[in-house]
Amino acid sequence: MPTTVSLATGRPAAAGAINLNHPDHYFHWGFVIISLANLVVIVVLIALFIAALLVPFMKPRPVPAPEVDETEPAVRAQAAATGEPTWTGAVRRLGLRFLPPAKLLPDYQPAYVASWAYVFGVATLTALMVVIFSGLALAFEGPAWWHISSAGHFVNSIHLWAVELFMGFMTVHLWFKFWMASWRGHRQATWMTGVLCFLVAIFEAFTGYISQTNFDSQWIAFEAKDAFASSGIGALINPLNFGQAVMLHISLIPAAVLVLVAVHVLLVRVHGVAPPIEARAEHLSTPAPDSAEVAR
Amino acid sequence: MSAPEAQVPAHVDRRTEARRRAAAEGQPWRGPLRHYDIIKEATIAFVVVAVLAVALAALFSSPDQPPVTLRQWANAQPAGFTQVALSELQGTSTSATYGPPFNGQSGSVQSLGPVSIQKLLGVAWPLHPDLAFVIDPLSTLPTDPALGSAIRTWESAGAAQQKSWTAAYAKEVGKLGLGASIPSRVSGAGPVPQLLSSLLAMARTGALDAALVSHGTFYSSDYTNAIMFLGDSATSQDHSYWNEIVTAEHLQGSQWGVMNETGSWPGQPWLWLYSMWYQVPPMNSSHNADILVVAIVTILSLALLFLPFIPGLRSIPKWVPLHRVIWREYYRQAPR
């Protein structure tokens with residue numbers, strides 16, 4: 001005779017204004033089972049996508065085209081400042097060639113960048129900053145803090161919701177960049193670093209879940225070990241080892257995310273955002289006839 | 001009379017045009033510009049997102065259901081606990097027969113066709129549940145002559161004798177309901193009743209939880225033993241203490257549990273694609289489900305990564321005119 005076990009009641013957590021600490025509703029459609037909470041998240045993301053697509057963007061303030069390309073004078077000035085060739089000077093010149101100050105911190109951009117579709121990149125970045133700040137506070141106080149302190153629990157809640165925002169914004173950003181075919185014009189590396197950010201962020205979120213030292217961590221780690229073991233990753237990473245999981249979560253993987261994000265953002269600044277599909281020919285520069293000439 | 005022009009195949013023309021277009025799209029924009037303040041934009045975005053995160057935290061808080069302990073399990077289901085402990089001693093539990101990276105068995109070894117990466121990489125985290133889950137924790141208990149004698153009897157016996165004892169004990173305990181009490185004496189079971197009664201008593205006080213994570217040292221951060229022991233109840237008893245809670249929370253793999261969270265909080269909806277593959281044939285009944293799903297998701301991830309280089313897929317955005325909506329202002333002001 002099977003024994004019925006009552007649901008663990010849990011410790012009194014610092015409650016939110018809306019109590020979610022009760023069993024969720026689940027929808028069953030054929031083989032699909034989804035919780036109301038997850039469904040709401042997905043619907044919100046789709047609604048954001050549609051709204052960003054349709055809601056008119058802010059009225060543009062046109063600016064005249066800059067009269068000179070700022071790249072060459074900057075490079076020439078830097079070249080002249082060095083008396084004799086140095087590695088440092090070469091790196092500086094290279095940096096200025098590919099990323100002059102006006103490209104790095106621009107105060108104008110192509111007029112076609114006039115859609116809410118473009119805000120999800122910066123929204124993702126800023127959500128990542130909130131994730132990092134809240135994560136640093138959790139790391140500073142140690143892994144037990146958020147279980148025993150209301151302040152700790154609140155910081156953990158900010159961390160969780162910032163992660164949901166980060167992953168959500170990144171997803172909508174990815175959808176838009178796909179529909180804009182943003183890899184055009186030799187921007188493949190920008191797309192690829194973005195996709196890598198997304199994949200590594202999923203792994204970062206996973207290690208976060210198994211670092212919580214609660215019911216979630218136990219079960220998720222137990223379930224995940226089979227996929228890890230079967231793919232060989234289990235020989236390197238044991239999800240049941242809390243020490244390893246939390247170290248990965250706060251050091252190696254966030255470092256990888258930050259490096260990828262930094263490269264991604266720099267690539268966006270170097271190459272700019274992709275022009276509209278079928279943009280008018282006169283709005284696109286003609287490439288230099290001899291790329292070797294440019295390199296010199 | 002001029003010479004006839006050489007015929008250029010259409011696909012060569014198309015390729016040349018595509019290359020020319022890609023080169024042009026990679027050059028600085030020569031069309032109309034608009035005012036932009038990147039620092040102001042980033043600052044406003046940060047404030048908005050930070051306020052949103054704090055507001056969501058204040059509104060909805062976050063889940064923190066405490067871990068399940070062996071103490072809770074042993075008190076709720078003494079016979080269920082003892083049946084699993086017996087399987088550890090017999091070497092028949094999921095943990096004991098798992099295979100790499102935990103031991104040299106093959107019970108949970110998965111392969112893609114003839115290739116098993118799991119087997120190839122071997123044992124990384126050695127785990128011997130009969131010792132780690134039963135004998136070693138019992139050896140940490142204060143000296144009890146009866147228990148000490150039972151441990152010595154067990155350790156000095158041959159494999160055939162041990163098998164005979166555990167079989168006799170299994171015959172009695174195996175038929176009990178999970179919540180039943182266990183017998184203190186079983187004929188023909190040698191030291192097994194003493195060993196497992198002591199382990200149950202140890203678990204009921206919470207001492208087993210501590211012993212399984214201590215690894216003989218003061219500090220510890222590895223919960224492999226404790227979670228694997230608990231997990232053996234989840235894999236062998238449909239209504240085990242842990243399974244009942246997990247099922248009620250919709251966290252089982254067959255319930256798309258990878259995506260879900262305790263309570264009514266959202267979980268990891270971004271794992272929907274990963275979770276979905278476990279629900280469809282052949283993965284939903286395959287012994288190799290995990291490696292099959294990992295392989296599929298790896299291929300799909302690589303396709304997403306290299307999408308700009310995949311003919312056909314990379315052209316979808318040109319065929320579906322969503323871009324006409326995104327850039328409608330540009331197209332309105334600069335019609336083709």
# chains A, B, ... in the order shown; residues from 1 in each chain; ligands from 1

call {"tool": "select_by_dssp", "arguments": {"residues": "stretch 59-212 of chain B", "states": "helix (DSSP H, G or I)", "output": "PyMOL selection string"}}
result
chain B and resi 59-60+70-76+78-90+117-121+129-139+145-156+159-173+192-205+207-212

call {"tool": "atom_distance", "arguments": {"atom1": "atom CA of B:Gly158", "atom2": "atom CA of B:Phe81"}}
result
25.3 Å

call {"tool": "closest_residue", "arguments": {"among": "B:Thr247, B:Asn225, B:Thr298, B:Ser61", "to": "B:Glu88", "atoms": "only C-alpha atoms"}}
result
B:Asn225

call {"tool": "atom_distance", "arguments": {"atom1": "atom CA of A:Gly89", "atom2": "atom CA of B:Ile38"}}
result
27.8 Å

call {"tool": "residues_around", "arguments": {"residues": "A:Val261", "least_positions_apart": "3", "cutoff": "9 Å", "atoms": "only C-alpha atoms", "output": "ChimeraX atom specification"}}
result
/A:125,193-194,197,256-258,264-266

call {"tool": "closest_residue", "arguments": {"among": "A:Pro56, A:Pro23, A:Pro85, A:Gly243", "to": "B:Glu261", "atoms": "only C-alpha atoms"}}
result
A:Pro23

call {"tool": "residues_around", "arguments": {"residues": "B:Val297", "least_positions_apart": "4", "cutoff": "7 Å", "atoms": "only C-alpha atoms", "output": "count of residues only"}}
result
3

call {"tool": "closest_residue", "arguments": {"among": "A:Phe203, A:Tyr108, A:Tyr118, A:Trp145", "to": "chain B", "atoms": "only C-alpha atoms"}}
result
A:Tyr108

call {"tool": "residues_around", "arguments": {"residues": "B:Thr166", "least_positions_apart": "3", "cutoff": "12 Å", "atoms": "only C-alpha atoms", "output": "mmCIF file with C-alpha atoms, in the first residue's frame"}}
result
data_model
loop_
_atom_site.group_PDB
_atom_site.id
_atom_site.type_symbol
_atom_site.label_atom_id
_atom_site.label_comp_id
_atom_site.auth_asym_id
_atom_site.auth_seq_id
_atom_site.Cartn_x
_atom_site.Cartn_y
_atom_site.Cartn_z
ATOM 1 C CA THR B 82 15.195 0.085 4.735
ATOM 2 C CA GLN B 83 14.350 -1.504 1.376
ATOM 3 C CA ALA B 85 19.332 0.633 2.208
ATOM 4 C CA LEU B 86 19.150 -3.122 1.644
ATOM 5 C CA SER B 87 19.588 -2.607 -2.112
ATOM 6 C CA GLU B 88 22.699 -0.552 -1.344
ATOM 7 C CA LEU B 89 24.075 -3.415 0.708
ATOM 8 C CA GLN B 90 23.185 -5.913 -2.021
ATOM 9 C CA GLY B 91 24.772 -3.741 -4.696
ATOM 10 C CA THR B 92 21.552 -3.671 -6.727
ATOM 11 C CA TRP B 154 29.347 -8.701 7.552
ATOM 12 C CA ALA B 159 30.031 -12.646 -1.152
ATOM 13 C CA ALA B 160 27.849 -15.790 -1.329
ATOM 14 C CA GLN B 161 27.112 -15.660 2.388
ATOM 15 C CA GLN B 162 26.289 -11.941 2.208
ATOM 16 C CA LYS B 163 23.975 -12.612 -0.711
ATOM 17 C CA TYR B 169 16.049 -10.259 4.709
ATOM 18 C CA ALA B 170 14.621 -9.054 1.377
ATOM 19 C CA LYS B 171 12.036 -11.841 1.510
ATOM 20 C CA GLU B 172 10.640 -10.400 4.736
ATOM 21 C CA VAL B 173 11.118 -6.665 4.239
ATOM 22 C CA GLY B 174 10.465 -6.516 0.512
ATOM 23 C CA VAL B 186 14.680 -12.216 10.471
ATOM 24 C CA SER B 187 15.662 -15.840 10.364
ATOM 25 C CA GLY B 188 18.633 -16.617 8.133
ATOM 26 C CA ALA B 189 19.517 -12.935 7.598
ATOM 27 C CA GLY B 190 22.703 -12.964 9.726
ATOM 28 C CA PRO B 191 23.845 -9.474 10.748
ATOM 29 C CA VAL B 192 21.612 -7.681 8.214
ATOM 30 C CA PRO B 193 18.659 -6.922 10.571
ATOM 31 C CA GLN B 194 21.073 -5.431 13.110
ATOM 32 C CA LEU B 195 22.872 -3.355 10.454
ATOM 33 C CA LEU B 196 19.735 -1.964 8.844
#

call {"tool": "atom_distance", "arguments": {"atom1": "atom CA of B:Ser93", "atom2": "atom CA of B:Val109"}}
result
14.3 Å

call {"tool": "decode", "arguments": {"residues": "stretch 189-227 of chain A", "atoms": "N, CA and C atoms", "output": "PDB file, in the first residue's frame"}}
result
ATOM      1  N   ALA A 189      30.209  37.168 -36.785  1.00  0.00           N
ATOM      2  CA  ALA A 189      30.821  36.996 -35.458  1.00  0.00           C
ATOM      3  C   ALA A 189      29.957  37.639 -34.372  1.00  0.00           C
ATOM      4  N   THR A 190      29.277  38.729 -34.730  1.00  0.00           N
ATOM      5  CA  THR A 190      28.392  39.376 -33.752  1.00  0.00           C
ATOM      6  C   THR A 190      27.258  38.427 -33.389  1.00  0.00           C
ATOM      7  N   TRP A 191      26.649  37.827 -34.418  1.00  0.00           N
ATOM      8  CA  TRP A 191      25.571  36.853 -34.179  1.00  0.00           C
ATOM      9  C   TRP A 191      26.065  35.689 -33.332  1.00  0.00           C
ATOM     10  N   MET A 192      27.232  35.173 -33.697  1.00  0.00           N
ATOM     11  CA  MET A 192      27.726  33.969 -33.024  1.00  0.00           C
ATOM     12  C   MET A 192      28.092  34.231 -31.566  1.00  0.00           C
ATOM     13  N   THR A 193      28.678  35.381 -31.281  1.00  0.00           N
ATOM     14  CA  THR A 193      28.993  35.674 -29.871  1.00  0.00           C
ATOM     15  C   THR A 193      27.687  35.857 -29.084  1.00  0.00           C
ATOM     16  N   GLY A 194      26.666  36.398 -29.744  1.00  0.00           N
ATOM     17  CA  GLY A 194      25.369  36.542 -29.080  1.00  0.00           C
ATOM     18  C   GLY A 194      24.763  35.186 -28.746  1.00  0.00           C
ATOM     19  N   VAL A 195      24.797  34.259 -29.709  1.00  0.00           N
ATOM     20  CA  VAL A 195      24.250  32.917 -29.473  1.00  0.00           C
ATOM     21  C   VAL A 195      25.046  32.218 -28.363  1.00  0.00           C
ATOM     22  N   LEU A 196      26.367  32.385 -28.396  1.00  0.00           N
ATOM     23  CA  LEU A 196      27.192  31.769 -27.338  1.00  0.00           C
ATOM     24  C   LEU A 196      26.820  32.336 -25.970  1.00  0.00           C
ATOM     25  N   CYS A 197      26.581  33.657 -25.910  1.00  0.00           N
ATOM     26  CA  CYS A 197      26.143  34.282 -24.650  1.00  0.00           C
ATOM     27  C   CYS A 197      24.886  33.589 -24.155  1.00  0.00           C
ATOM     28  N   PHE A 198      23.939  33.379 -25.061  1.00  0.00           N
ATOM     29  CA  PHE A 198      22.658  32.759 -24.702  1.00  0.00           C
ATOM     30  C   PHE A 198      22.887  31.351 -24.147  1.00  0.00           C
ATOM     31  N   LEU A 199      23.712  30.557 -24.831  1.00  0.00           N
ATOM     32  CA  LEU A 199      23.940  29.173 -24.408  1.00  0.00           C
ATOM     33  C   LEU A 199      24.699  29.112 -23.081  1.00  0.00           C
ATOM     34  N   VAL A 200      25.719  29.956 -22.958  1.00  0.00           N
ATOM     35  CA  VAL A 200      26.490  29.944 -21.700  1.00  0.00           C
ATOM     36  C   VAL A 200      25.619  30.460 -20.554  1.00  0.00           C
ATOM     37  N   ALA A 201      24.741  31.432 -20.849  1.00  0.00           N
ATOM     38  CA  ALA A 201      23.852  31.966 -19.813  1.00  0.00           C
ATOM     39  C   ALA A 201      22.902  30.875 -19.306  1.00  0.00           C
ATOM     40  N   ILE A 202      22.476  29.984 -20.187  1.00  0.00           N
ATOM     41  CA  ILE A 202      21.613  28.877 -19.754  1.00  0.00           C
ATOM     42  C   ILE A 202      22.366  27.996 -18.753  1.00  0.00           C
ATOM     43  N   PHE A 203      23.629  27.744 -19.049  1.00  0.00           N
ATOM     44  CA  PHE A 203      24.442  26.920 -18.145  1.00  0.00           C
ATOM     45  C   PHE A 203      24.687  27.669 -16.827  1.00  0.00           C
ATOM     46  N   GLU A 204      24.864  28.981 -16.922  1.00  0.00           N
ATOM     47  CA  GLU A 204      25.056  29.800 -15.725  1.00  0.00           C
ATOM     48  C   GLU A 204      23.798  29.742 -14.845  1.00  0.00           C
ATOM     49  N   ALA A 205      22.636  29.848 -15.478  1.00  0.00           N
ATOM     50  CA  ALA A 205      21.386  29.769 -14.716  1.00  0.00           C
ATOM     51  C   ALA A 205      21.256  28.390 -14.071  1.00  0.00           C
ATOM     52  N   PHE A 206      21.633  27.363 -14.799  1.00  0.00           N
ATOM     53  CA  PHE A 206      21.552  25.995 -14.260  1.00  0.00           C
ATOM     54  C   PHE A 206      22.420  25.850 -13.002  1.00  0.00           C
ATOM     55  N   THR A 207      23.656  26.341 -13.077  1.00  0.00           N
ATOM     56  CA  THR A 207      24.527  26.215 -11.889  1.00  0.00           C
ATOM     57  C   THR A 207      23.980  27.064 -10.735  1.00  0.00           C
ATOM     58  N   GLY A 208      23.264  28.130 -11.067  1.00  0.00           N
ATOM     59  CA  GLY A 208      22.617  28.931 -10.022  1.00  0.00           C
ATOM     60  C   GLY A 208      21.536  28.127  -9.320  1.00  0.00           C
ATOM     61  N   TYR A 209      20.736  27.429 -10.117  1.00  0.00           N
ATOM     62  CA  TYR A 209      19.661  26.619  -9.532  1.00  0.00           C
ATOM     63  C   TYR A 209      20.215  25.541  -8.608  1.00  0.00           C
ATOM     64  N   ILE A 210      21.327  24.911  -9.007  1.00  0.00           N
ATOM     65  CA  ILE A 210      21.839  23.831  -8.148  1.00  0.00           C
ATOM     66  C   ILE A 210      22.735  24.359  -7.029  1.00  0.00           C
ATOM     67  N   SER A 211      22.920  25.680  -6.969  1.00  0.00           N
ATOM     68  CA  SER A 211      23.705  26.273  -5.875  1.00  0.00           C
ATOM     69  C   SER A 211      22.811  26.836  -4.771  1.00  0.00           C
ATOM     70  N   GLN A 212      21.500  26.664  -4.918  1.00  0.00           N
ATOM     71  CA  GLN A 212      20.598  27.317  -3.965  1.00  0.00           C
ATOM     72  C   GLN A 212      20.551  26.643  -2.595  1.00  0.00           C
ATOM     73  N   THR A 213      21.082  25.434  -2.505  1.00  0.00           N
ATOM     74  CA  THR A 213      21.019  24.625  -1.266  1.00  0.00           C
ATOM     75  C   THR A 213      19.589  24.544  -0.725  1.00  0.00           C
ATOM     76  N   ASN A 214      18.663  24.196  -1.593  1.00  0.00           N
ATOM     77  CA  ASN A 214      17.289  23.938  -1.152  1.00  0.00           C
ATOM     78  C   ASN A 214      16.715  22.750  -1.949  1.00  0.00           C
ATOM     79  N   PHE A 215      15.418  22.591  -1.896  1.00  0.00           N
ATOM     80  CA  PHE A 215      14.771  21.455  -2.553  1.00  0.00           C
ATOM     81  C   PHE A 215      15.058  21.427  -4.057  1.00  0.00           C
ATOM     82  N   ASP A 216      14.974  22.623  -4.674  1.00  0.00           N
ATOM     83  CA  ASP A 216      15.252  22.727  -6.113  1.00  0.00           C
ATOM     84  C   ASP A 216      16.623  22.157  -6.447  1.00  0.00           C
ATOM     85  N   SER A 217      17.618  22.598  -5.658  1.00  0.00           N
ATOM     86  CA  SER A 217      19.003  22.189  -5.945  1.00  0.00           C
ATOM     87  C   SER A 217      19.133  20.676  -5.915  1.00  0.00           C
ATOM     88  N   GLN A 218      18.565  20.071  -4.861  1.00  0.00           N
ATOM     89  CA  GLN A 218      18.656  18.613  -4.718  1.00  0.00           C
ATOM     90  C   GLN A 218      18.097  17.904  -5.947  1.00  0.00           C
ATOM     91  N   TRP A 219      16.872  18.276  -6.289  1.00  0.00           N
ATOM     92  CA  TRP A 219      16.185  17.522  -7.351  1.00  0.00           C
ATOM     93  C   TRP A 219      16.793  17.814  -8.724  1.00  0.00           C
ATOM     94  N   ILE A 220      17.066  19.102  -8.989  1.00  0.00           N
ATOM     95  CA  ILE A 220      17.623  19.456 -10.302  1.00  0.00           C
ATOM     96  C   ILE A 220      18.987  18.788 -10.486  1.00  0.00           C
ATOM     97  N   ALA A 221      19.800  18.802  -9.426  1.00  0.00           N
ATOM     98  CA  ALA A 221      21.122  18.168  -9.522  1.00  0.00           C
ATOM     99  C   ALA A 221      20.968  16.662  -9.767  1.00  0.00           C
ATOM    100  N   PHE A 222      20.027  16.050  -9.050  1.00  0.00           N
ATOM    101  CA  PHE A 222      19.824  14.603  -9.206  1.00  0.00           C
ATOM    102  C   PHE A 222      19.376  14.266 -10.632  1.00  0.00           C
ATOM    103  N   GLU A 223      18.450  15.065 -11.159  1.00  0.00           N
ATOM    104  CA  GLU A 223      17.953  14.816 -12.514  1.00  0.00           C
ATOM    105  C   GLU A 223      19.032  15.091 -13.563  1.00  0.00           C
ATOM    106  N   ALA A 224      19.783  16.175 -13.339  1.00  0.00           N
ATOM    107  CA  ALA A 224      20.753  16.606 -14.355  1.00  0.00           C
ATOM    108  C   ALA A 224      21.948  15.671 -14.461  1.00  0.00           C
ATOM    109  N   LYS A 225      22.229  14.949 -13.389  1.00  0.00           N
ATOM    110  CA  LYS A 225      23.452  14.130 -13.398  1.00  0.00           C
ATOM    111  C   LYS A 225      23.444  13.117 -14.535  1.00  0.00           C
ATOM    112  N   ASP A 226      22.250  12.656 -14.950  1.00  0.00           N
ATOM    113  CA  ASP A 226      22.186  11.639 -16.006  1.00  0.00           C
ATOM    114  C   ASP A 226      22.606  12.219 -17.362  1.00  0.00           C
ATOM    115  N   ALA A 227      22.125  13.440 -17.646  1.00  0.00           N
ATOM    116  CA  ALA A 227      22.528  14.069 -18.912  1.00  0.00           C
ATOM    117  C   ALA A 227      24.025  14.378 -18.879  1.00  0.00           C
TER     118      ALA A 227
END
